[in-house]
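Structure file coords31.txt (compact mmCIF, N, CA and C atoms) follows.
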```txt
# COMPACT_ATOMS: atom_id res chain seq x y z
N MET N 1 160.17 53.76 104.95
CA MET N 1 159.47 54.66 104.10
C MET N 1 157.99 54.70 104.46
N LEU N 2 157.75 55.32 105.53
CA LEU N 2 156.36 55.46 105.94
C LEU N 2 155.82 56.76 105.37
N LYS N 3 154.63 56.68 104.85
CA LYS N 3 153.95 57.86 104.32
C LYS N 3 152.89 58.32 105.29
N ASN N 4 152.78 59.60 105.46
CA ASN N 4 151.72 60.15 106.29
C ASN N 4 150.49 60.30 105.40
N SER N 5 149.51 59.48 105.58
CA SER N 5 148.35 59.47 104.70
C SER N 5 147.20 60.30 105.25
N LYS N 6 147.43 60.99 106.36
CA LYS N 6 146.37 61.83 106.91
C LYS N 6 146.26 63.11 106.10
N LYS N 7 145.02 63.43 105.72
CA LYS N 7 144.76 64.66 104.97
C LYS N 7 143.73 65.47 105.74
N GLY N 8 143.78 66.78 105.60
CA GLY N 8 142.81 67.64 106.26
C GLY N 8 143.50 68.73 107.05
N PHE N 9 142.72 69.46 107.83
CA PHE N 9 143.22 70.58 108.60
C PHE N 9 143.17 70.25 110.09
N THR N 10 144.08 70.84 110.80
CA THR N 10 144.05 70.64 112.25
C THR N 10 143.04 71.60 112.86
N LEU N 11 142.67 71.35 114.07
CA LEU N 11 141.71 72.20 114.78
C LEU N 11 142.25 73.62 114.93
N ILE N 12 143.51 73.77 115.18
CA ILE N 12 144.14 75.09 115.31
C ILE N 12 144.02 75.86 114.01
N GLU N 13 144.31 75.23 112.90
CA GLU N 13 144.21 75.90 111.61
C GLU N 13 142.78 76.39 111.34
N LEU N 14 141.82 75.57 111.64
CA LEU N 14 140.42 75.95 111.44
C LEU N 14 140.03 77.12 112.34
N LEU N 15 140.46 77.09 113.59
CA LEU N 15 140.14 78.18 114.51
C LEU N 15 140.78 79.50 114.06
N VAL N 16 141.99 79.43 113.55
CA VAL N 16 142.66 80.64 113.06
C VAL N 16 141.89 81.23 111.88
N VAL N 17 141.46 80.40 110.96
CA VAL N 17 140.70 80.86 109.80
C VAL N 17 139.37 81.49 110.23
N ILE N 18 138.69 80.86 111.16
CA ILE N 18 137.41 81.39 111.66
C ILE N 18 137.63 82.73 112.36
N ALA N 19 138.70 82.88 113.12
CA ALA N 19 139.00 84.14 113.79
C ALA N 19 139.28 85.25 112.78
N ILE N 20 140.01 84.94 111.74
CA ILE N 20 140.31 85.93 110.70
C ILE N 20 139.03 86.37 110.00
N ILE N 21 138.17 85.42 109.68
CA ILE N 21 136.89 85.76 109.03
C ILE N 21 136.05 86.64 109.96
N GLY N 22 136.03 86.34 111.23
CA GLY N 22 135.28 87.15 112.20
C GLY N 22 135.79 88.57 112.27
N ILE N 23 137.09 88.75 112.30
CA ILE N 23 137.68 90.09 112.36
C ILE N 23 137.36 90.87 111.09
N LEU N 24 137.50 90.25 109.93
CA LEU N 24 137.19 90.92 108.67
C LEU N 24 135.72 91.31 108.57
N SER N 25 134.83 90.43 109.03
CA SER N 25 133.40 90.74 108.96
C SER N 25 133.04 91.90 109.89
N SER N 26 133.68 92.01 111.05
CA SER N 26 133.39 93.13 111.95
C SER N 26 133.85 94.45 111.34
N VAL N 27 134.96 94.45 110.62
CA VAL N 27 135.44 95.66 109.95
C VAL N 27 134.45 96.06 108.86
N VAL N 28 133.95 95.10 108.11
CA VAL N 28 132.99 95.40 107.04
C VAL N 28 131.69 95.94 107.62
N LEU N 29 131.20 95.36 108.70
CA LEU N 29 129.96 95.84 109.31
C LEU N 29 130.11 97.26 109.85
N ALA N 30 131.25 97.59 110.40
CA ALA N 30 131.48 98.95 110.89
C ALA N 30 131.45 99.93 109.72
N SER N 31 132.02 99.55 108.60
CA SER N 31 132.01 100.41 107.41
C SER N 31 130.60 100.59 106.87
N LEU N 32 129.79 99.55 106.95
CA LEU N 32 128.42 99.65 106.45
C LEU N 32 127.58 100.62 107.27
N ASN N 33 127.78 100.65 108.58
CA ASN N 33 127.03 101.59 109.41
C ASN N 33 127.35 103.03 109.03
N SER N 34 128.60 103.31 108.77
CA SER N 34 129.00 104.65 108.34
C SER N 34 128.36 104.98 106.99
N ALA N 35 128.35 104.02 106.08
CA ALA N 35 127.76 104.24 104.76
C ALA N 35 126.25 104.46 104.87
N ARG N 36 125.59 103.76 105.77
CA ARG N 36 124.15 103.95 105.96
C ARG N 36 123.85 105.37 106.43
N SER N 37 124.63 105.87 107.37
CA SER N 37 124.42 107.24 107.86
C SER N 37 124.63 108.26 106.76
N LYS N 38 125.66 108.07 105.96
CA LYS N 38 125.92 108.99 104.86
C LYS N 38 124.81 108.92 103.82
N GLY N 39 124.30 107.72 103.58
CA GLY N 39 123.18 107.56 102.65
C GLY N 39 121.92 108.25 103.15
N ALA N 40 121.67 108.13 104.45
CA ALA N 40 120.51 108.80 105.04
C ALA N 40 120.66 110.32 104.94
N ASN N 41 121.86 110.83 105.17
CA ASN N 41 122.10 112.27 105.03
C ASN N 41 121.86 112.72 103.59
N ALA N 42 122.29 111.92 102.64
CA ALA N 42 122.07 112.25 101.22
C ALA N 42 120.58 112.29 100.91
N ALA N 43 119.81 111.39 101.51
CA ALA N 43 118.36 111.37 101.29
C ALA N 43 117.71 112.63 101.85
N VAL N 44 118.14 113.06 103.04
CA VAL N 44 117.60 114.28 103.64
C VAL N 44 117.90 115.47 102.73
N LYS N 45 119.15 115.58 102.30
CA LYS N 45 119.56 116.70 101.44
C LYS N 45 118.77 116.71 100.14
N SER N 46 118.62 115.54 99.55
CA SER N 46 117.90 115.44 98.28
C SER N 46 116.43 115.84 98.44
N ASN N 47 115.79 115.34 99.49
CA ASN N 47 114.38 115.67 99.71
C ASN N 47 114.19 117.18 99.92
N LEU N 48 115.07 117.78 100.69
CA LEU N 48 114.93 119.22 100.93
C LEU N 48 115.26 120.04 99.68
N THR N 49 116.25 119.61 98.93
CA THR N 49 116.61 120.33 97.71
C THR N 49 115.50 120.26 96.68
N ASN N 50 114.77 119.14 96.66
CA ASN N 50 113.68 118.98 95.70
C ASN N 50 112.47 119.85 96.03
N ILE N 51 112.47 120.47 97.19
CA ILE N 51 111.38 121.39 97.55
C ILE N 51 111.46 122.65 96.70
N ARG N 52 112.66 123.07 96.37
CA ARG N 52 112.86 124.35 95.68
C ARG N 52 112.03 124.47 94.39
N PRO N 53 112.10 123.49 93.46
CA PRO N 53 111.29 123.65 92.25
C PRO N 53 109.78 123.64 92.53
N GLN N 54 109.36 122.85 93.51
CA GLN N 54 107.95 122.83 93.85
C GLN N 54 107.51 124.17 94.45
N ALA N 55 108.37 124.78 95.23
CA ALA N 55 108.05 126.09 95.79
C ALA N 55 107.88 127.13 94.68
N GLU N 56 108.69 127.02 93.64
CA GLU N 56 108.55 127.96 92.52
C GLU N 56 107.25 127.73 91.77
N ILE N 57 106.82 126.47 91.68
CA ILE N 57 105.53 126.17 91.05
C ILE N 57 104.39 126.78 91.88
N VAL N 58 104.48 126.62 93.19
CA VAL N 58 103.47 127.21 94.09
C VAL N 58 103.45 128.73 93.90
N TYR N 59 104.63 129.33 93.85
CA TYR N 59 104.74 130.79 93.68
C TYR N 59 104.08 131.23 92.37
N ASP N 60 104.39 130.52 91.29
CA ASP N 60 103.85 130.90 89.97
C ASP N 60 102.34 130.70 89.88
N ASN N 61 101.81 129.70 90.59
CA ASN N 61 100.38 129.41 90.52
C ASN N 61 99.54 130.30 91.44
N ALA N 62 100.18 130.96 92.40
CA ALA N 62 99.45 131.81 93.33
C ALA N 62 99.11 133.15 92.67
N THR N 63 97.95 133.69 93.01
CA THR N 63 97.55 134.98 92.49
C THR N 63 97.30 135.90 93.66
N PRO N 64 98.02 136.96 93.87
CA PRO N 64 99.26 137.30 93.17
C PRO N 64 100.38 136.36 93.59
N ASN N 65 101.48 136.40 92.85
CA ASN N 65 102.60 135.49 93.12
C ASN N 65 103.02 135.59 94.58
N SER N 66 103.07 134.41 95.24
CA SER N 66 103.35 134.40 96.67
C SER N 66 103.86 133.03 97.10
N TYR N 67 104.75 133.03 98.11
CA TYR N 67 105.23 131.79 98.72
C TYR N 67 104.41 131.41 99.96
N ALA N 68 103.32 132.12 100.22
CA ALA N 68 102.58 131.98 101.48
C ALA N 68 102.05 130.58 101.75
N THR N 69 101.88 129.76 100.72
CA THR N 69 101.33 128.41 100.94
C THR N 69 102.32 127.29 100.66
N VAL N 70 103.61 127.62 100.54
CA VAL N 70 104.61 126.61 100.23
C VAL N 70 104.62 125.48 101.25
N CYS N 71 104.63 125.81 102.52
CA CYS N 71 104.74 124.78 103.57
C CYS N 71 103.50 123.92 103.69
N ALA N 72 102.38 124.36 103.12
CA ALA N 72 101.14 123.58 103.15
C ALA N 72 100.95 122.74 101.88
N ASP N 73 101.78 122.97 100.86
CA ASP N 73 101.66 122.23 99.60
C ASP N 73 101.91 120.74 99.83
N THR N 74 101.09 119.89 99.25
CA THR N 74 101.17 118.45 99.47
C THR N 74 102.52 117.88 99.07
N THR N 75 103.05 118.28 97.93
CA THR N 75 104.35 117.77 97.48
C THR N 75 105.46 118.18 98.43
N VAL N 76 105.42 119.40 98.91
CA VAL N 76 106.42 119.89 99.86
C VAL N 76 106.31 119.13 101.18
N VAL N 77 105.09 118.94 101.66
CA VAL N 77 104.87 118.20 102.91
C VAL N 77 105.39 116.78 102.78
N ASN N 78 105.14 116.13 101.63
CA ASN N 78 105.64 114.76 101.42
C ASN N 78 107.16 114.72 101.43
N ALA N 79 107.81 115.71 100.81
CA ALA N 79 109.28 115.76 100.79
C ALA N 79 109.83 115.97 102.19
N LEU N 80 109.17 116.83 102.97
CA LEU N 80 109.62 117.08 104.34
C LEU N 80 109.42 115.85 105.22
N THR N 81 108.32 115.15 105.02
CA THR N 81 108.06 113.92 105.78
C THR N 81 109.09 112.85 105.44
N ALA N 82 109.45 112.74 104.16
CA ALA N 82 110.49 111.79 103.74
C ALA N 82 111.84 112.16 104.35
N ALA N 83 112.13 113.45 104.43
CA ALA N 83 113.37 113.91 105.06
C ALA N 83 113.38 113.55 106.53
N ASP N 84 112.24 113.71 107.20
CA ASP N 84 112.14 113.33 108.62
C ASP N 84 112.42 111.84 108.80
N SER N 85 111.85 111.02 107.93
CA SER N 85 112.05 109.58 108.03
C SER N 85 113.51 109.21 107.82
N ALA N 86 114.16 109.83 106.86
CA ALA N 86 115.56 109.53 106.58
C ALA N 86 116.46 110.03 107.71
N GLY N 87 116.16 111.21 108.23
CA GLY N 87 116.98 111.79 109.29
C GLY N 87 116.76 111.12 110.63
N GLY N 88 115.56 110.62 110.85
CA GLY N 88 115.26 109.90 112.08
C GLY N 88 115.39 110.71 113.35
N GLY N 89 115.20 111.99 113.26
CA GLY N 89 115.37 112.80 114.47
C GLY N 89 114.30 113.85 114.62
N THR N 90 114.73 115.01 115.03
CA THR N 90 113.84 116.14 115.27
C THR N 90 113.00 116.42 114.02
N PRO N 91 111.71 116.66 114.19
CA PRO N 91 110.86 116.95 113.03
C PRO N 91 111.34 118.21 112.29
N HIS N 92 111.00 118.27 111.02
CA HIS N 92 111.39 119.39 110.17
C HIS N 92 110.73 120.69 110.64
N VAL N 93 111.27 121.78 110.14
CA VAL N 93 110.67 123.09 110.34
C VAL N 93 110.54 123.72 108.96
N CYS N 94 109.37 124.25 108.68
CA CYS N 94 109.14 124.94 107.40
C CYS N 94 108.45 126.26 107.71
N ASN N 95 109.05 127.34 107.25
CA ASN N 95 108.49 128.68 107.45
C ASN N 95 108.28 129.33 106.10
N ASN N 96 107.17 130.05 105.95
CA ASN N 96 106.95 130.78 104.71
C ASN N 96 106.24 132.10 104.96
N THR N 97 106.53 133.03 104.07
CA THR N 97 105.82 134.31 104.03
C THR N 97 105.44 134.52 102.57
N ALA N 98 104.88 135.66 102.27
CA ALA N 98 104.52 135.93 100.88
C ALA N 98 105.75 136.09 99.99
N THR N 99 106.88 136.47 100.59
CA THR N 99 108.07 136.77 99.78
C THR N 99 109.21 135.78 99.93
N ALA N 100 109.15 134.85 100.88
CA ALA N 100 110.27 133.94 101.09
C ALA N 100 109.81 132.68 101.83
N TRP N 101 110.65 131.65 101.79
CA TRP N 101 110.40 130.41 102.53
C TRP N 101 111.73 129.78 102.90
N ALA N 102 111.71 128.92 103.90
CA ALA N 102 112.89 128.16 104.29
C ALA N 102 112.42 126.88 104.97
N ALA N 103 113.21 125.82 104.84
CA ALA N 103 112.89 124.54 105.48
C ALA N 103 114.19 123.91 105.96
N SER N 104 114.11 123.22 107.10
CA SER N 104 115.27 122.49 107.60
C SER N 104 114.82 121.19 108.24
N ALA N 105 115.74 120.22 108.24
CA ALA N 105 115.44 118.90 108.82
C ALA N 105 116.72 118.34 109.45
N ASN N 106 116.53 117.41 110.34
CA ASN N 106 117.62 116.77 111.05
C ASN N 106 118.39 115.82 110.13
N LEU N 107 119.73 115.86 110.21
CA LEU N 107 120.56 114.89 109.50
C LEU N 107 120.71 113.64 110.35
N LYS N 108 120.91 112.50 109.73
CA LYS N 108 121.09 111.25 110.47
C LYS N 108 122.39 111.29 111.28
N ALA N 109 123.46 111.77 110.66
CA ALA N 109 124.76 111.88 111.32
C ALA N 109 125.28 113.30 111.12
N ALA N 110 125.77 113.89 112.18
CA ALA N 110 126.27 115.26 112.11
C ALA N 110 127.43 115.36 111.12
N GLU N 111 127.49 116.47 110.42
CA GLU N 111 128.57 116.73 109.46
C GLU N 111 129.32 117.98 109.90
N GLY N 112 130.53 117.80 110.33
CA GLY N 112 131.33 118.94 110.77
C GLY N 112 130.72 119.69 111.95
N GLY N 113 130.06 118.99 112.82
CA GLY N 113 129.44 119.61 113.98
C GLY N 113 128.04 120.15 113.74
N ASN N 114 127.57 120.09 112.49
CA ASN N 114 126.23 120.57 112.16
C ASN N 114 125.27 119.39 112.01
N SER N 115 124.11 119.51 112.63
CA SER N 115 123.16 118.40 112.67
C SER N 115 121.92 118.61 111.81
N TYR N 116 121.82 119.73 111.11
CA TYR N 116 120.63 120.03 110.33
C TYR N 116 121.00 120.45 108.91
N TRP N 117 120.09 120.21 107.97
CA TRP N 117 120.26 120.67 106.60
C TRP N 117 119.15 121.68 106.33
N CYS N 118 119.50 122.80 105.74
CA CYS N 118 118.55 123.89 105.53
C CYS N 118 118.57 124.33 104.06
N VAL N 119 117.40 124.59 103.50
CA VAL N 119 117.26 125.16 102.16
C VAL N 119 116.30 126.34 102.26
N ASP N 120 116.48 127.31 101.37
CA ASP N 120 115.58 128.46 101.39
C ASP N 120 115.36 129.02 99.99
N SER N 121 114.51 130.03 99.92
CA SER N 121 114.12 130.60 98.63
C SER N 121 115.22 131.42 97.97
N THR N 122 116.28 131.72 98.69
CA THR N 122 117.39 132.48 98.08
C THR N 122 118.37 131.57 97.36
N GLY N 123 118.15 130.27 97.45
CA GLY N 123 119.03 129.31 96.77
C GLY N 123 120.05 128.65 97.68
N GLN N 124 120.02 128.96 98.96
CA GLN N 124 120.98 128.35 99.88
C GLN N 124 120.58 126.91 100.20
N SER N 125 121.56 126.05 100.25
CA SER N 125 121.43 124.68 100.75
C SER N 125 122.68 124.43 101.57
N LYS N 126 122.52 124.31 102.87
CA LYS N 126 123.72 124.16 103.70
C LYS N 126 123.39 123.47 105.02
N SER N 127 124.45 122.96 105.64
CA SER N 127 124.28 122.37 106.96
C SER N 127 124.34 123.48 108.00
N THR N 128 123.55 123.30 109.05
CA THR N 128 123.51 124.30 110.11
C THR N 128 123.57 123.59 111.46
N SER N 129 123.92 124.34 112.48
CA SER N 129 124.02 123.74 113.81
C SER N 129 122.69 123.69 114.54
N ALA N 130 121.70 124.43 114.05
CA ALA N 130 120.40 124.47 114.72
C ALA N 130 119.28 124.47 113.69
N ASN N 131 118.13 123.96 114.10
CA ASN N 131 116.95 123.97 113.27
C ASN N 131 116.47 125.41 113.13
N LEU N 132 115.68 125.70 112.10
CA LEU N 132 115.11 127.04 111.95
C LEU N 132 114.29 127.40 113.18
N VAL N 133 114.34 128.64 113.57
CA VAL N 133 113.58 129.07 114.73
C VAL N 133 112.58 130.15 114.31
N GLY N 134 111.53 130.29 115.10
CA GLY N 134 110.54 131.32 114.84
C GLY N 134 110.02 131.27 113.42
N GLY N 135 109.93 132.39 112.81
CA GLY N 135 109.45 132.46 111.43
C GLY N 135 110.57 132.71 110.44
N ALA N 136 111.78 132.27 110.75
CA ALA N 136 112.94 132.53 109.90
C ALA N 136 112.72 131.98 108.49
N THR N 137 113.00 132.79 107.49
CA THR N 137 112.85 132.35 106.10
C THR N 137 114.17 132.41 105.35
N SER N 138 115.26 132.32 106.11
CA SER N 138 116.60 132.31 105.52
C SER N 138 117.48 131.39 106.35
N CYS N 139 118.31 130.63 105.66
CA CYS N 139 119.25 129.74 106.36
C CYS N 139 120.38 130.57 106.88
```

Starting from the coordinates I provided, produce the structure as structure tokens.
Amino acid sequence: MLKNSKKGFTLIELLVVIAIIGILSSVVLASLNSARSKGANAAVKSNLTNIRPQAEIVYDNATPNSYATVCADTTVVNALTAADSAGGGTPHVCNNTATAWAASANLKAAEGGNSYWCVDSTGQSKSTSANLVGGATSC
């Protein structure tokens, strides 16, 4: 009646557990990178969408009512700069005339093949495949 009084884990058991933990942690890290990109895209969209109410304030304060200074407004510039930081890519484009304005910025991760988010004075907020060009004031 001999009893085995050894307690503990074998080296193989410990290595198996460490390998499983390593595999699980790599899956979690891959998921976090995707979540970071989606979070950055949400920040870009939010910053650009928040331009709309400020543009209306600029319009109402101008005499006569005009969008001509929307892209130069400090609050709008700060929102566009924050969008650039979140998107981490091509600088924003902001165009304005007396009757309309539009702004677009780079997304961190492309969504459905579109790499830019665009908002304008007509109420559009959408992803686009290209940044605004020229003096375009519509997405």

- Rank N:Pro53, N:Gly8, N:Gly135, N:Gly22 by their smallest atom-to-atom distance to N:Asn96, using only N, CA and C atoms, and report the top residue only. N:Gly135

- Item | Atom-to-atom span, atom N of N:Ala79 and atom CA of N:Gln54, Å |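 Pair atom N of N:Ala79 / atom CA of N:Gln54 returns 10.0 Å.
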
- Item | Backbone-only DSSP, strand (DSSP E or B) members of stretch 38-131 of chain N, as a list in words |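 Here is the list: Val93, Cys94, Asn95, Asn96, Trp101, Ala102, Ala103, Ser104, Ala105, Asn106, Leu107, Lys108, Ala109, Ala110, Glu111, Asn114, Ser115, Tyr116, Trp117, Cys118, Val119, Asp120, Ser125, Lys126, Ser127 and Thr128 of chain N.
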
- Task: List the residues sitting within 6.5 Å of (115.8, 126.1, 101.5) in the file's frame, using all atoms listed in the file, as a ChimeraX atom specification.
- Result: /N:48,101-103,118-125

- Query: With distances taken over only N, CA and C atoms, which of N:Lys7, N:Trp117, N:Val58, N:Ser25 is nearest to N:Asp73?
  - Reply: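 Once distances to N:Asp73 are computed over only N, CA and C atoms, the minimum belongs to N:Val58.
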
- Item | Interatomic distance, atom N of N:Lys38 to atom C of N:Lys126 (Å, one decimal) |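 According to the coordinates, atom N of N:Lys38 and atom C of N:Lys126 are separated by 15.6 Å.
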
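Separating atom N of N:Asn33 from atom CA of N:Ala105 is a distance of 22.0 Å.
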
Quick one: 6 Å padding each side, axis-aligned, all listed atoms of stretch 84-88 of chain N - centre and edge lengths in Å to one decimal, as lines of an AutoDock Vina configuration file?
```
center_x = 114.4
center_y = 111.5
center_z = 110.0
size_x = 17.1
size_y = 16.5
size_z = 18.8
```
